[in-house]
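Participant: My file is target.csv. It has CSV, C-alpha atoms:
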chain,number,residue,atom,x,y,z
A,1,MET,CA,26.8,27.5,54.6
A,2,THR,CA,28.9,25.6,57.1
A,3,PRO,CA,29.3,21.8,56.7
A,4,GLU,CA,27.1,21.4,59.8
A,5,ALA,CA,24.3,23.5,58.2
A,6,ARG,CA,24.5,21.4,55.1
A,7,ILE,CA,23.9,18.2,57.1
A,8,ASP,CA,21.0,19.9,58.9
A,9,THR,CA,19.4,20.9,55.6
A,10,ALA,CA,19.9,17.4,54.1
A,11,ALA,CA,18.2,15.9,57.2
A,12,LEU,CA,15.2,18.2,56.7
A,13,LEU,CA,15.0,17.4,53.0
A,14,LEU,CA,15.2,13.7,53.7
A,15,ASP,CA,12.2,13.9,56.0
A,16,GLN,CA,10.2,15.4,53.2
A,17,ILE,CA,11.4,12.7,50.8
A,18,LEU,CA,10.6,9.9,53.2
A,19,ALA,CA,7.1,11.5,53.5
A,20,GLY,CA,6.5,11.1,49.8
A,21,THR,CA,8.0,14.1,48.0
A,22,SER,CA,10.4,13.2,45.2
A,23,ALA,CA,14.1,14.0,45.8
A,24,GLU,CA,14.3,16.3,42.8
A,25,LYS,CA,11.2,18.2,43.8
A,26,ALA,CA,12.3,18.6,47.3
A,27,LEU,CA,15.8,19.8,46.3
A,28,THR,CA,14.5,22.2,43.6
A,29,ALA,CA,11.9,23.8,46.0
A,30,TRP,CA,14.6,24.2,48.7
A,31,ALA,CA,17.0,25.8,46.3
A,32,ARG,CA,14.4,28.3,45.1
A,33,ARG,CA,13.6,29.3,48.7
A,34,SER,CA,17.3,29.5,49.7
A,35,ARG,CA,18.9,32.1,47.6
A,36,PHE,CA,21.6,32.5,50.2
A,37,ALA,CA,23.0,29.0,49.3
A,38,GLY,CA,25.8,29.0,46.8
A,39,SER,CA,26.4,26.4,44.1
A,40,LYS,CA,28.8,24.5,46.3
A,41,ASP,CA,26.2,24.4,49.1
A,42,ARG,CA,23.6,23.1,46.7
A,43,ALA,CA,25.9,20.5,45.3
A,44,ALA,CA,27.0,19.3,48.8
A,45,ILE,CA,23.5,19.0,50.1
A,46,ARG,CA,22.4,17.1,47.0
A,47,ASP,CA,25.3,14.7,47.4
A,48,HIS,CA,24.3,14.1,51.1
A,49,VAL,CA,20.7,13.4,50.1
A,50,PHE,CA,21.5,11.0,47.3
A,51,GLU,CA,24.1,9.2,49.3
A,52,ALA,CA,21.6,8.7,52.0
A,53,LEU,CA,19.0,7.4,49.5
A,54,ARG,CA,21.5,5.0,47.9
A,55,CYS,CA,22.4,3.6,51.4
A,56,LYS,CA,19.1,4.2,53.1
A,57,ARG,CA,18.8,0.8,54.8
A,58,SER,CA,22.4,0.5,56.1
A,59,PHE,CA,22.5,4.2,57.1
A,60,ALA,CA,19.2,3.8,59.0
A,61,ALA,CA,20.8,0.9,60.9
A,62,LEU,CA,24.0,2.8,61.7
A,63,GLY,CA,22.0,5.9,62.7
A,64,GLY,CA,19.3,4.1,64.6
A,65,ALA,CA,16.3,5.6,62.9
A,66,LEU,CA,14.7,5.8,59.4
A,67,ASN,CA,14.4,9.6,59.4
A,68,GLY,CA,16.5,12.5,58.2
A,69,ARG,CA,18.5,12.8,61.4
A,70,GLY,CA,19.0,9.1,61.6
A,71,LEU,CA,20.2,8.9,58.0
A,72,MET,CA,22.7,11.7,58.5
A,73,VAL,CA,24.0,10.1,61.7
A,74,GLY,CA,24.4,6.9,59.7
A,75,LEU,CA,26.2,8.8,56.9
A,76,LEU,CA,28.6,10.4,59.4
A,77,ARG,CA,29.3,7.1,61.2
A,78,ALA,CA,29.9,5.3,57.8
A,79,ALA,CA,32.5,8.0,57.0
A,80,GLY,CA,34.2,7.5,60.4
A,81,VAL,CA,33.0,10.9,61.8
A,82,ASP,CA,31.6,11.2,65.3
A,83,PRO,CA,28.1,12.7,64.8
A,84,GLN,CA,28.4,14.6,68.1
A,85,THR,CA,31.0,16.8,66.5
A,86,VAL,CA,28.4,17.9,63.9
A,87,PHE,CA,25.2,17.8,65.9
A,88,THR,CA,26.3,20.6,68.2
A,89,GLY,CA,23.3,22.9,68.1
A,90,GLN,CA,25.6,25.8,67.5
A,91,GLY,CA,24.8,28.3,64.8
A,92,HIS,CA,23.0,26.5,62.0
A,93,ALA,CA,24.2,23.1,63.0
A,94,PRO,CA,21.6,20.4,63.8
A,95,SER,CA,20.4,20.2,67.4
A,96,VAL,CA,22.4,18.1,69.9
A,97,LEU,CA,21.7,14.4,69.8
A,98,SER,CA,19.6,13.1,72.7
A,99,PRO,CA,20.9,10.3,74.8
A,100,GLN,CA,18.3,8.0,73.2
A,101,GLU,CA,19.5,9.0,69.7
A,102,LEU,CA,23.2,8.4,70.7
A,103,ALA,CA,22.3,5.0,72.2
A,104,ARG,CA,20.6,3.8,69.0
A,105,GLY,CA,22.4,2.5,66.0
A,106,GLN,CA,24.3,-0.7,65.1
A,107,GLN,CA,26.3,-2.2,62.3
A,108,PRO,CA,24.0,-3.3,59.5
A,109,ASP,CA,23.1,-6.9,59.5
A,110,ALA,CA,23.5,-9.2,56.6
A,111,ALA,CA,20.3,-8.2,54.9
A,112,GLU,CA,20.7,-4.4,55.6
A,113,ALA,CA,24.1,-4.4,54.0
A,114,TRP,CA,22.6,-5.0,50.6
A,115,ASP,CA,20.8,-1.7,50.7
A,116,LEU,CA,17.9,-3.3,48.9
A,117,PRO,CA,14.4,-4.3,50.0
A,118,ASP,CA,14.3,-8.0,51.1
A,119,TRP,CA,12.3,-9.2,48.1
A,120,LEU,CA,14.8,-7.7,45.7
A,121,ILE,CA,17.7,-9.4,47.4
A,122,ALA,CA,16.2,-12.7,46.2
A,123,ARG,CA,15.7,-11.4,42.7
A,124,PHE,CA,19.3,-10.1,42.5
A,125,GLN,CA,20.5,-13.5,43.6
A,126,ASP,CA,18.3,-15.3,41.1
A,127,SER,CA,19.5,-13.0,38.3
A,128,LEU,CA,23.1,-12.5,39.1
A,129,GLY,CA,24.2,-15.5,41.2
A,130,ASP,CA,27.6,-15.0,42.8
A,131,GLN,CA,27.8,-11.4,41.5
A,132,ALA,CA,24.6,-10.3,43.1
A,133,PHE,CA,26.0,-8.7,46.3
A,134,ASP,CA,28.9,-7.0,44.5
A,135,VAL,CA,26.3,-5.4,42.1
A,136,SER,CA,24.3,-4.2,45.1
A,137,GLN,CA,27.4,-2.6,46.5
A,138,VAL,CA,28.2,-0.7,43.3
A,139,SER,CA,24.7,0.8,43.5
A,140,ARG,CA,25.5,2.3,46.9
A,141,HIS,CA,28.1,4.6,45.3
A,142,ARG,CA,27.9,7.6,42.9
A,143,ALA,CA,27.7,6.9,39.2
A,144,PRO,CA,30.5,8.0,36.9
A,145,VAL,CA,30.0,11.1,34.7
A,146,MET,CA,30.3,10.0,31.1
A,147,LEU,CA,30.3,11.8,27.7
A,148,ARG,CA,29.8,10.6,24.2
A,149,VAL,CA,32.0,12.1,21.5
A,150,ASN,CA,30.0,13.1,18.4
A,151,LEU,CA,32.1,11.6,15.6
A,152,ARG,CA,30.2,13.7,13.1
A,153,LYS,CA,31.8,16.8,14.5
A,154,SER,CA,35.0,15.7,16.3
A,155,THR,CA,37.6,13.1,17.0
A,156,VAL,CA,38.0,11.7,20.5
A,157,ALA,CA,41.4,13.4,20.8
A,158,GLN,CA,40.0,16.8,19.7
A,159,ALA,CA,37.1,16.5,22.1
A,160,ILE,CA,39.4,15.8,25.0
A,161,GLU,CA,41.5,18.8,24.1
A,162,ILE,CA,38.6,21.2,23.8
A,163,LEU,CA,37.0,20.0,27.0
A,164,ALA,CA,40.3,20.6,28.8
A,165,ARG,CA,40.4,24.3,27.8
A,166,ASP,CA,37.2,24.7,29.9
A,167,GLY,CA,38.5,22.8,32.9
A,168,VAL,CA,36.8,19.5,32.1
A,169,ARG,CA,39.3,16.6,32.2
A,170,ALA,CA,38.2,13.4,30.5
A,171,GLN,CA,39.8,10.1,29.5
A,172,VAL,CA,39.0,7.3,27.0
A,173,THR,CA,37.4,4.1,28.3
A,174,GLN,CA,37.2,0.5,27.4
A,175,MET,CA,33.4,0.5,27.4
A,176,SER,CA,33.0,2.2,24.0
A,177,PRO,CA,35.2,3.9,21.4
A,178,THR,CA,33.2,7.1,21.8
A,179,ALA,CA,32.8,7.1,25.6
A,180,LEU,CA,34.8,9.5,27.8
A,181,LEU,CA,35.0,9.3,31.6
A,182,VAL,CA,35.0,12.7,33.2
A,183,THR,CA,37.7,12.9,35.9
A,184,GLU,CA,37.6,16.6,36.7
A,185,GLY,CA,35.2,19.5,36.3
A,186,PRO,CA,31.9,17.6,35.7
A,187,ARG,CA,29.8,20.7,36.7
A,188,ARG,CA,31.6,22.7,34.0
A,189,ILE,CA,30.3,20.5,31.2
A,190,ASN,CA,27.1,22.3,30.3
A,191,ALA,CA,28.9,25.6,29.9
A,192,SER,CA,31.9,24.1,27.9
A,193,GLU,CA,32.5,24.9,24.3
A,194,ALA,CA,32.6,21.2,23.4
A,195,TYR,CA,29.1,20.6,24.9
A,196,ARG,CA,27.5,23.9,23.5
A,197,THR,CA,28.7,23.2,20.0
A,198,GLY,CA,27.6,19.5,19.9
A,199,LEU,CA,31.0,17.8,20.1
A,200,VAL,CA,30.0,15.9,23.1
A,201,GLU,CA,26.8,14.7,24.8
A,202,LEU,CA,26.2,13.4,28.3
A,203,GLN,CA,25.6,9.7,27.9
A,204,ASP,CA,26.4,6.7,30.1
A,205,GLY,CA,29.2,4.4,28.8
A,206,ALA,CA,27.1,1.2,28.7
A,207,SER,CA,24.3,3.1,26.9
A,208,GLN,CA,26.8,3.9,24.2
A,209,ALA,CA,28.0,0.2,24.2
A,210,VAL,CA,24.4,-0.8,23.4
A,211,VAL,CA,24.5,1.4,20.3
A,212,ASP,CA,27.9,0.0,19.4
A,213,MET,CA,26.4,-3.5,19.0
A,214,LEU,CA,23.6,-2.5,16.7
A,215,PRO,CA,24.1,-3.4,13.0
A,216,LEU,CA,24.0,0.2,11.7
A,217,ARG,CA,24.9,0.8,8.1
A,218,ASP,CA,24.7,3.8,5.7
A,219,GLY,CA,21.4,4.0,3.8
A,220,MET,CA,19.3,2.2,6.5
A,221,ARG,CA,15.9,3.4,7.8
A,222,VAL,CA,16.3,3.3,11.6
A,223,LEU,CA,13.5,3.8,14.2
A,224,ASP,CA,14.1,4.5,17.9
A,225,TYR,CA,10.7,3.2,19.1
A,226,CYS,CA,11.0,4.2,22.8
A,227,ALA,CA,13.1,7.3,22.2
A,228,GLY,CA,12.5,9.2,25.5
A,229,GLY,CA,14.9,12.1,25.4
A,230,GLY,CA,16.6,10.8,22.3
A,231,GLY,CA,20.0,10.0,23.7
A,232,LYS,CA,20.3,6.7,21.8
A,233,THR,CA,18.7,8.2,18.7
A,234,LEU,CA,21.5,10.8,18.6
A,235,ALA,CA,24.2,8.2,19.3
A,236,MET,CA,22.9,6.1,16.4
A,237,ALA,CA,22.8,9.1,14.1
A,238,GLY,CA,26.4,9.8,14.9
A,239,ARG,CA,27.4,6.4,13.6
A,240,ALA,CA,25.9,6.1,10.1
A,241,GLN,CA,24.6,8.2,7.2
A,242,ALA,CA,21.1,6.8,7.5
A,243,ALA,CA,17.5,8.0,7.8
A,244,PHE,CA,16.6,8.2,11.5
A,245,PHE,CA,13.2,8.4,13.1
A,246,ALA,CA,12.1,8.7,16.7
A,247,HIS,CA,8.9,7.8,18.5
A,248,ASP,CA,7.7,7.6,22.0
A,249,VAL,CA,4.3,6.8,23.6
A,250,ASN,CA,4.6,10.2,25.2
A,251,MET,CA,5.7,12.5,22.4
A,252,ARG,CA,6.3,15.3,24.9
A,253,ARG,CA,9.4,13.5,26.0
A,254,LEU,CA,10.9,14.3,22.6
A,255,LYS,CA,10.3,18.0,22.8
A,256,ASP,CA,14.1,18.8,23.2
A,257,LEU,CA,15.2,16.4,20.5
A,258,PRO,CA,14.9,18.8,17.5
A,259,GLN,CA,17.2,21.3,19.3
A,260,ARG,CA,19.6,18.5,20.4
A,261,SER,CA,19.8,17.0,16.9
A,262,GLU,CA,20.5,20.4,15.4
A,263,ARG,CA,23.3,21.0,17.9
A,264,ALA,CA,24.7,17.5,17.0
A,265,GLY,CA,24.5,18.2,13.3
A,266,VAL,CA,22.2,15.3,12.5
A,267,SER,CA,18.6,15.0,11.2
A,268,VAL,CA,15.9,13.1,13.1
A,269,LYS,CA,12.2,12.9,12.1
A,270,LEU,CA,9.7,12.5,14.9
A,271,LEU,CA,6.8,10.1,14.2
A,272,ASP,CA,3.7,9.8,16.3
A,273,ARG,CA,1.6,6.6,16.6
A,274,ASN,CA,-0.7,7.5,13.7
A,275,GLU,CA,2.3,8.0,11.4
A,276,LEU,CA,3.6,4.5,12.3
A,277,GLN,CA,0.5,2.6,11.6
A,278,GLY,CA,1.0,-0.2,9.1
A,279,LYS,CA,4.5,0.7,8.2
A,280,ALA,CA,6.8,-2.3,8.0
A,281,HIS,CA,9.8,-0.6,6.3
A,282,PHE,CA,12.4,-0.1,8.9
A,283,ASP,CA,15.7,-1.9,8.6
A,284,LEU,CA,16.4,-1.5,12.4
A,285,VAL,CA,13.9,-0.8,15.2
A,286,LEU,CA,15.4,-0.2,18.7
A,287,CYS,CA,13.1,-0.7,21.7
A,288,ASP,CA,14.8,0.8,24.7
A,289,ALA,CA,12.0,-0.3,26.9
A,290,PRO,CA,10.7,1.1,30.2
A,291,CYS,CA,12.1,-1.0,33.0
A,292,SER,CA,12.9,-1.2,36.7
A,293,GLY,CA,16.1,0.8,36.1
A,294,SER,CA,17.9,-1.6,38.4
A,295,GLY,CA,21.1,-1.1,36.5
A,296,ALA,CA,21.1,2.6,37.1
A,297,TRP,CA,19.7,2.9,40.7
A,298,ARG,CA,22.9,4.7,41.8
A,299,ARG,CA,21.6,7.6,39.6
A,300,SER,CA,18.0,7.3,40.7
A,301,PRO,CA,18.1,5.6,44.1
A,302,GLU,CA,14.5,6.2,44.9
A,303,GLY,CA,13.7,3.6,42.3
A,304,LYS,CA,14.9,0.6,44.3
A,305,TRP,CA,12.8,1.6,47.3
A,306,ASP,CA,9.7,2.4,45.3
A,307,LEU,CA,9.7,-0.7,43.2
A,308,THR,CA,7.2,-3.5,44.2
A,309,PRO,CA,6.7,-7.0,42.8
A,310,GLU,CA,3.4,-5.8,41.4
A,311,ARG,CA,5.1,-2.9,39.6
A,312,LEU,CA,7.8,-5.2,38.2
A,313,GLN,CA,5.2,-7.5,36.8
A,314,GLU,CA,3.5,-4.6,35.2
A,315,LEU,CA,6.7,-3.5,33.6
A,316,THR,CA,7.4,-6.9,32.2
A,317,GLY,CA,3.9,-6.8,30.7
A,318,ILE,CA,4.6,-3.3,29.1
A,319,GLN,CA,7.9,-4.6,27.7
A,320,ALA,CA,6.2,-7.6,26.1
A,321,SER,CA,3.5,-5.3,24.6
A,322,ILE,CA,6.2,-3.0,23.2
A,323,LEU,CA,7.9,-5.9,21.4
A,324,GLU,CA,4.5,-6.9,20.0
A,325,GLU,CA,3.9,-3.4,18.7
A,326,ALA,CA,7.4,-2.9,17.3
A,327,HIS,CA,8.2,-6.2,15.5
A,328,PRO,CA,5.7,-5.6,12.7
A,329,LEU,CA,7.5,-2.4,11.8
A,330,VAL,CA,10.7,-4.3,10.9
A,331,SER,CA,11.2,-5.2,7.2
A,332,GLU,CA,12.1,-8.7,6.2
A,333,GLY,CA,15.7,-9.4,7.0
A,334,GLY,CA,15.7,-6.4,9.3
A,335,THR,CA,16.7,-6.2,13.0
A,336,LEU,CA,14.6,-5.7,16.1
A,337,ALA,CA,16.8,-4.6,19.0
A,338,TYR,CA,15.7,-4.7,22.6
A,339,ALA,CA,17.4,-2.9,25.5
A,340,THR,CA,16.9,-2.2,29.2
A,341,CYS,CA,18.9,-0.5,31.9
A,342,SER,CA,18.1,-3.5,34.2
A,343,VAL,CA,20.1,-6.3,35.7
A,344,LEU,CA,17.0,-8.5,36.4
A,345,ALA,CA,16.7,-11.6,34.2
A,346,GLU,CA,12.9,-11.4,33.9
A,347,GLU,CA,13.2,-8.1,32.1
A,348,ASN,CA,16.1,-9.2,29.9
A,349,MET,CA,16.8,-12.7,28.5
A,350,ALA,CA,13.6,-14.1,29.9
A,351,GLN,CA,11.7,-11.4,28.0
A,352,ILE,CA,13.4,-12.3,24.8
A,353,THR,CA,12.9,-16.1,25.3
A,354,ARG,CA,9.2,-15.5,25.7
A,355,PHE,CA,9.1,-13.4,22.6
A,356,LEU,CA,10.9,-16.0,20.5
A,357,GLY,CA,8.5,-18.6,21.8
A,358,ARG,CA,5.6,-16.6,20.4
A,359,HIS,CA,7.3,-15.7,17.2
A,360,PRO,CA,9.4,-18.5,15.7
A,361,GLU,CA,10.0,-16.4,12.6
A,362,TRP,CA,12.5,-14.4,14.6
A,363,SER,CA,15.9,-15.5,15.7
A,364,LEU,CA,18.4,-14.2,18.2
A,365,THR,CA,21.6,-13.0,16.6
A,366,CYS,CA,23.4,-11.4,19.6
A,367,ALA,CA,22.9,-10.5,23.2
A,368,GLN,CA,25.0,-8.8,25.9
A,369,HIS,CA,24.7,-7.9,29.5
A,370,TRP,CA,26.7,-5.1,31.2
A,371,LEU,CA,26.9,-4.9,34.9
A,372,PRO,CA,27.2,-1.5,36.6
A,373,GLY,CA,30.8,-0.4,37.2
A,374,THR,CA,33.4,2.3,36.9
A,375,GLU,CA,32.6,3.0,33.2
A,376,GLY,CA,28.9,2.5,32.9
A,377,ASP,CA,25.6,1.4,34.3
A,378,GLY,CA,23.9,-2.0,34.1
A,379,PHE,CA,22.4,-2.7,30.7
A,380,TYR,CA,21.1,-5.5,28.6
A,381,ALA,CA,20.7,-5.6,24.8
A,382,ALA,CA,19.6,-8.2,22.3
A,383,CYS,CA,19.3,-8.2,18.5
A,384,LEU,CA,16.7,-10.3,16.7
A,385,THR,CA,16.5,-10.9,13.0
A,386,ARG,CA,13.3,-11.6,11.0
A,387,ARG,CA,13.9,-14.5,8.7
A,388,VAL,CA,13.4,-13.7,5.0
A,389,LYS,CA,10.5,-15.8,3.6
Before we go any further, please render this structure as structure tokens.

Facilitator:
Amino acid sequence: MTPEARIDTAALLLDQILAGTSAEKALTAWARRSRFAGSKDRAAIRDHVFEALRCKRSFAALGGALNGRGLMVGLLRAAGVDPQTVFTGQGHAPSVLSPQELARGQQPDAAEAWDLPDWLIARFQDSLGDQAFDVSQVSRHRAPVMLRVNLRKSTVAQAIEILARDGVRAQVTQMSPTALLVTEGPRRINASEAYRTGLVELQDGASQAVVDMLPLRDGMRVLDYCAGGGGKTLAMAGRAQAAFFAHDVNMRRLKDLPQRSERAGVSVKLLDRNELQGKAHFDLVLCDAPCSGSGAWRRSPEGKWDLTPERLQELTGIQASILEEAHPLVSEGGTLAYATCSVLAEENMAQITRFLGRHPEWSLTCAQHWLPGTEGDGFYAACLTRRVK
């Protein structure tokens, strides 16, 4: 495919996404229909689509319309490319821009430059103060590709060397001792020896830093209460010789964890809700709660456009319920850890403050907030300790 054909395809896919189809579903369906497209074509089109979604508001302003063509015109203008050189109508290029299309478009105004809905701009400012705009700008760009070294199977230096043999270049980071930033060959990771043999896992740097702050010790009983795919479960299991358990309200999310844990060389037992009833014998319970995902919107940009005040309120209610369900599972003197990939205060410290107000027998021992940057997404984590009677 030519570069012009990729732009045309991205515009068509964006129209489907704006009409309500998820980005992943639209891209997957197109790829299945378009066997002529090579891997580089699929990657380039995906990049165009996700860049447009990350910058939807400012690109629509630059392009003069909130539709696929308008967003692609905005993308080209943002990159300093004259859209008329791409919209030529020749071959598989998009059709020529009309005089009306060419006349539309302007520099984003102060609100459009945030690339957030108006109501979220205020929430960002309330939560982040002077850093709010800078965080919004980070979310306009692609997220770094990060790996976690499995210290059960490899050292950091060995992992870097073995990755390099397969054309994957990675470097150490300041975010976490186990975190590697991939600088070359990210699309070769899944086929690499290091990945296939469990020496490394794909995991964001700040997500690893959350695990770093947990008080993990050998011999503990550790429960990942909202385990999802099990990334943090495996990260914890790589840090201590302990008994690890994973639970999720939707146990189907854990379907790949047995295979992943076997590849990583660790043991994790899955527990459903019935198996957790009345068991207050875990030394550490991690609640990686469902949230707005505002710290990771550069990976899932649809999230910032789909989120509503009502949905955010619903999420904070779910988070509070999870803490209420999880804290009885912690033994006396044990730790309840709470984490989100959010930068919004109401999902983070405010949630913990409300919990402590309801449960004075718990105390806050540590808390940390990571903003999205070059080595990781935005995260929050807090550790609470139940006082011994």

Participant: Rounded to one decimal place, report the atom CA of Gly74 of chain A-atom CA of Leu62 of chain A distance in Å.

Facilitator: 4.6 Å

Participant: Of the residues A:Val388, A:Ala242, A:Ala381, A:Ala264, which is the one nearest to His369 of chain A, using all atoms listed in the file?

Facilitator: A:Ala381

Participant: Quick one: of A:Arg54, A:Arg46, A:Tyr225, A:Met220, who's nearest to Glu24 of chain A, counting all atoms listed in the file?

Facilitator: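 So, comparing all the options, the nearest one is A:Arg46.
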
Participant: Skipping near chain neighbours, those fewer than 3 positions away, what residues fall within 7 Å of segment 121-127 of chain A using all atoms listed in the file, listed as a list in words?

Facilitator: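 Contacts, with the query itself left out: Leu116, Pro117, Asp118, Ala132, Leu344 and Ala345 of chain A.
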
Participant: Nearest to Val222 of chain A among A:Gly334, A:Pro3, A:Gly378, A:Gly373, with distances taken over all atoms listed in the file: which residue is it?

Facilitator: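 Among A:Gly334, A:Pro3, A:Gly378, A:Gly373, it is A:Gly334 that comes nearest to Val222 of chain A.
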
Participant: Interatomic distance between atom CA of Leu223 of chain A and atom CA of Phe245 of chain A?

Facilitator: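 Pair atom CA of Leu223 of chain A / atom CA of Phe245 of chain A returns 4.7 Å.
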
Participant: List as a ChimeraX atom specification: which residues have an atom within 7 Å of (16.3, 14.1, 26.0), counting all atoms listed in the file?

Facilitator: /A:228-231,253-254,256-257

Participant: When you draw a straight line from atom CA of Trp114 of chain A to atom CA of Glu101 of chain A, how long is it in Å?

Facilitator: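 Straight-line distance from atom CA of Trp114 of chain A to atom CA of Glu101 of chain A works out to 23.9 Å.
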
Participant: Near Ala78 of chain A, counting only C-alpha atoms, which residues have an atom at most 12 Å away, once you skip same-chain residues fewer than 4 positions from it, shown as a ChimeraX atom specification?

Facilitator: /A:51-52,55-56,58-63,71-74,82-83,105-108,113

Participant: Quick one: contact table of segment 141-167 of chain A to segment 192-207 of chain A, 7 Å max, nearest atom pair and distance in Å to one decimal per residue, counting all atoms listed in the file, chain and number order, as JSON lines?

Facilitator:
{"residue": "A:Met146", "atom": "CA", "partner": "A:Asp204", "partner_atom": "CA", "distance": 5.2}
{"residue": "A:Leu147", "atom": "CA", "partner": "A:Leu202", "partner_atom": "CA", "distance": 4.4}
{"residue": "A:Arg148", "atom": "CA", "partner": "A:Glu201", "partner_atom": "CA", "distance": 5.1}
{"residue": "A:Val149", "atom": "CA", "partner": "A:Val200", "partner_atom": "CA", "distance": 4.6}
{"residue": "A:Asn150", "atom": "CA", "partner": "A:Leu199", "partner_atom": "CA", "distance": 5.1}
{"residue": "A:Lys153", "atom": "CA", "partner": "A:Leu199", "partner_atom": "CA", "distance": 5.7}
{"residue": "A:Ser154", "atom": "CA", "partner": "A:Leu199", "partner_atom": "CA", "distance": 5.9}
{"residue": "A:Ala159", "atom": "CA", "partner": "A:Leu199", "partner_atom": "CA", "distance": 6.5}
{"residue": "A:Ile162", "atom": "CA", "partner": "A:Ala194", "partner_atom": "CA", "distance": 6.0}
{"residue": "A:Leu163", "atom": "CA", "partner": "A:Ala194", "partner_atom": "CA", "distance": 5.8}
{"residue": "A:Asp166", "atom": "CA", "partner": "A:Ser192", "partner_atom": "CA", "distance": 5.7}

Participant: Next, dump the selected residues to file, keeping only C-alpha atoms, as an mmCIF file, keeping the file's coordinate frame.

Facilitator:
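Now in again-v3.cif:
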data_model
loop_
_atom_site.group_PDB
_atom_site.id
_atom_site.type_symbol
_atom_site.label_atom_id
_atom_site.label_comp_id
_atom_site.auth_asym_id
_atom_site.auth_seq_id
_atom_site.Cartn_x
_atom_site.Cartn_y
_atom_site.Cartn_z
ATOM 1 C CA MET A 146 30.300 10.000 31.100
ATOM 2 C CA LEU A 147 30.300 11.800 27.700
ATOM 3 C CA ARG A 148 29.800 10.600 24.200
ATOM 4 C CA VAL A 149 32.000 12.100 21.500
ATOM 5 C CA ASN A 150 30.000 13.100 18.400
ATOM 6 C CA LYS A 153 31.800 16.800 14.500
ATOM 7 C CA SER A 154 35.000 15.700 16.300
ATOM 8 C CA ALA A 159 37.100 16.500 22.100
ATOM 9 C CA ILE A 162 38.600 21.200 23.800
ATOM 10 C CA LEU A 163 37.000 20.000 27.000
ATOM 11 C CA ASP A 166 37.200 24.700 29.900
#

Participant: Given the choices A:Leu307, A:His327, A:Val285, A:Asp248, which gets closest to Arg358 of chain A if the distance is worked out from all atoms listed in the file?

Facilitator: A:His327

Participant: Which one is closest to Leu312 of chain A: A:Ala326, A:Val210, A:Arg299, A:Leu120? Count all atoms listed in the file.

Facilitator: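 Ranking A:Ala326, A:Val210, A:Arg299, A:Leu120 by distance to Leu312 of chain A, first place goes to A:Leu120.
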
Participant: Using all atoms listed in the file for the distances, tell me which of A:Glu347, A:Glu332, A:Glu324, A:Asp306 is nearest to Gly20 of chain A.

Facilitator: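 Answer, going by the shortest atom-to-atom distance: A:Asp306.
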
Participant: For segment 384-386 of chain A, please output as a list in words all residues within 8 Å (counting all atoms listed in the file; exclusion window: fewer than 2 positions along the same chain).

Facilitator: Val330, Ser331, Glu332, Gly333, Gly334, Thr335, Leu336, Ala337, Glu361, Trp362, Ser363, Leu364, Thr365, Cys366, Ala382 and Val388 of chain A

Participant: I want to know what sits within 9 Å of Leu14 of chain A, based on all atoms listed in the file, with residues of the same chain fewer than 2 positions away left out; could you give that as a PyMOL selection string?

Facilitator: chain A and resi 9-12+16-19+23+26+49+52-53+67-69+71

Participant: What's the 8 Å shell around Ile160 of chain A, counting all atoms listed in the file, without same-chain residues fewer than 6 positions away, as an NGL selection string?

Facilitator: :A and (169-171)
